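This report refers to the structure that appears directly beneath it.
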Amino acid sequence: MSTLLKIENLCKSYPRPEGSIQAVHEVSLTVERGEFVAVQGPSGCGKTTLLLAAGALLQPSRGRVLVNDVDPYSLSPGQRARFRAVNVGFVFQQFHLVPYLDVLDNILAPALALGAKDGRRTRALELAAQFGLSDRLRHVPSGLSTGERQRVALARALLNQPSLLLADEPTGNLDKQNGQVVLRCLTEFARTGAVLCVTHEPQAADHADRVLNMIGGKLQ
């Protein structure tokens with residue numbers, strides 16, 4: 001196995017007038033290819049901060065993040081955006097779909113960072129079919145069910161064939177049936193890539209190869 005994500009002594013603090021808040025403190029973690037790792041913990045424990053830092057979306061205060069042996073924070077903002085688009089897929093609880101784009105263009109959104117939207121159209125259509133969205137391609141998110149929105153988000157995350165999927169409470173807004181669809185997808189992806197999922201739901205952790213607990217910004 002190869003290490004797809006390596007986090008070393010990661011710290012993230014936020015300045016406040018009354019003193020800085022330490023959201024993540026001295027966290028070290030590796031995720032190997034073929035592995036589904038879940039991080040559990042209560043709201044406010046630092047799970048999402050950890051995930052955003054792991055995905056090159058949030059600069060750590062200290063420590064290092066390596067994705068495929070590259071420190072994305074050593075890159076320029078433009079290079080980092082392109083690196084992220086190629087290497088990392090994101091699945092969020094709130095979906096973060098663009099409200100004025102239809103299903104097809106939401107799936108294609110990650111291709112914009114690569115300047116390759118036209119070249120990804122065939123794959124986007126294949127993913128739409130895989131997730132049962134072929135008859136929803138021209139619908140905007142407000143015209144979709146909650147489960148359909150999450151399936152669009154999954155297809156978008158997979159568009160550029162990343163090696164690492166990061167999932168933030170991916171079943172938090174879903175009923176059990178739709179939640180299982182998402183978890184099966186993450187489990188399938190982890191056969192060839194790697195998944196880091198932060199969650200407070202037992203059903204998500206049940207699918208993981210390894211479950212870690214986070215309390216007060218620290219992994220236990």
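We name chains A, B, ... following the order of the structure tokens; residues begin at 1 in each chain, and ligands are numbered from 1 as shown.
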Exercise for the section: Enumerate as a count of residues only all residues of chain A assigned to strand (DSSP E or B) by DSSP on the backbone, naming them with the chain letters and numbers the document uses. Expected result: 61
Neighbouring residues of A:Ser142 were defined as those with any atom within 10 Å, considering only C-alpha atoms; residues of the same chain fewer than 4 positions away were excluded. Please report them as a PDB file with C-alpha atoms, in the first residue's frame.
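Output (around_30.pdb):
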ATOM      1  CA  LEU A  97     -24.004  22.698  -5.232  1.00  0.00           C
ATOM      2  CA  PRO A  99     -27.834  26.835  -7.159  1.00  0.00           C
ATOM      3  CA  TYR A 100     -28.083  28.349 -10.652  1.00  0.00           C
ATOM      4  CA  ASP A 102     -28.102  22.362 -13.577  1.00  0.00           C
ATOM      5  CA  THR A 146     -32.125  15.645  -0.843  1.00  0.00           C
ATOM      6  CA  ARG A 149     -28.472  16.418  -4.416  1.00  0.00           C
TER       7      ARG A 149
END
Problem - Selected residue of minimal separation from A:Leu166 among A:Lys12, A:Lys47, A:Arg191, A:Arg136, counting only C-alpha atoms - result: A:Lys47
Practice task
Might you pull out every residue within 12 Å of A:Phe90, with only C-alpha atoms counted and same-chain residues fewer than 4 positions away left off, and present them as number ranges by chain?
Solution key: A: 48, 51-52, 54-57, 84-86, 94-97, 110, 150, 152-170, 186, 195-198
Practice task
From a DSSP pass on the backbone, collect the residues of stretch 35-198 of chain A flagged as helix (DSSP H, G or I) and hand them back as an MDAnalysis selection string.
Solution key: chainID A and resid 47:54 72:74 77:87 103:114 118:130 134:136 141:143 146:158 176:189
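Between atom CA of A:Leu50 and atom CA of A:Thr192 the interatomic distance comes to 23.0 Å.
Between A:Asp206 and the residues A:Ala23, A:Ala194, A:Val37, A:Cys11, the shortest atom-to-atom distance, using only C-alpha atoms, involves A:Val37.
In terms of minimum interatomic distance to A:Asn106, A:Val140 ranks closest within A:Val65, A:Leu127, A:Val140, A:Leu75, counting only C-alpha atoms.
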Polymer residues at most 10 Å from A:Asp209, only C-alpha atoms, same-chain spacing of 3 or more positions, as a PDB file with N, CA and C atoms, in the first residue's frame:
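Contents of the output file part.pdb:
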ATOM      1  N   GLY A  34      -6.426   2.199  -0.461  1.00  0.00           N
ATOM      2  CA  GLY A  34      -7.216   1.032  -0.116  1.00  0.00           C
ATOM      3  C   GLY A  34      -7.838   1.107   1.260  1.00  0.00           C
ATOM      4  N   GLU A  35      -7.785   2.285   1.890  1.00  0.00           N
ATOM      5  CA  GLU A  35      -8.256   2.414   3.262  1.00  0.00           C
ATOM      6  C   GLU A  35      -9.384   3.438   3.371  1.00  0.00           C
ATOM      7  N   PHE A  36     -10.369   3.097   4.203  1.00  0.00           N
ATOM      8  CA  PHE A  36     -11.490   3.976   4.546  1.00  0.00           C
ATOM      9  C   PHE A  36     -11.339   4.277   6.037  1.00  0.00           C
ATOM     10  N   VAL A  37     -10.975   5.520   6.356  1.00  0.00           N
ATOM     11  CA  VAL A  37     -10.761   5.931   7.736  1.00  0.00           C
ATOM     12  C   VAL A  37     -11.869   6.894   8.146  1.00  0.00           C
ATOM     13  N   ALA A  38     -12.488   6.621   9.277  1.00  0.00           N
ATOM     14  CA  ALA A  38     -13.524   7.498   9.820  1.00  0.00           C
ATOM     15  C   ALA A  38     -13.013   8.162  11.087  1.00  0.00           C
ATOM     16  N   THR A 187     -17.174   3.209   0.168  1.00  0.00           N
ATOM     17  CA  THR A 187     -16.505   1.924   0.378  1.00  0.00           C
ATOM     18  C   THR A 187     -15.928   1.393  -0.923  1.00  0.00           C
ATOM     19  N   ALA A 190     -12.815   3.319  -1.923  1.00  0.00           N
ATOM     20  CA  ALA A 190     -11.653   3.011  -1.092  1.00  0.00           C
ATOM     21  C   ALA A 190     -10.929   1.739  -1.524  1.00  0.00           C
ATOM     22  N   VAL A 195     -10.232   7.055   1.533  1.00  0.00           N
ATOM     23  CA  VAL A 195     -11.323   7.881   2.026  1.00  0.00           C
ATOM     24  C   VAL A 195     -11.023   8.304   3.460  1.00  0.00           C
ATOM     25  N   ALA A 205     -19.378   5.050  10.428  1.00  0.00           N
ATOM     26  CA  ALA A 205     -18.192   4.416  11.005  1.00  0.00           C
ATOM     27  C   ALA A 205     -18.193   2.903  10.780  1.00  0.00           C
ATOM     28  N   ASP A 206     -19.369   2.306  10.703  1.00  0.00           N
ATOM     29  CA  ASP A 206     -19.470   0.857  10.506  1.00  0.00           C
ATOM     30  C   ASP A 206     -18.862   0.407   9.184  1.00  0.00           C
TER      31      ASP A 206
END
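Between atom CA of A:Ser28 and atom CA of A:Pro60 there is a distance of 12.6 Å.
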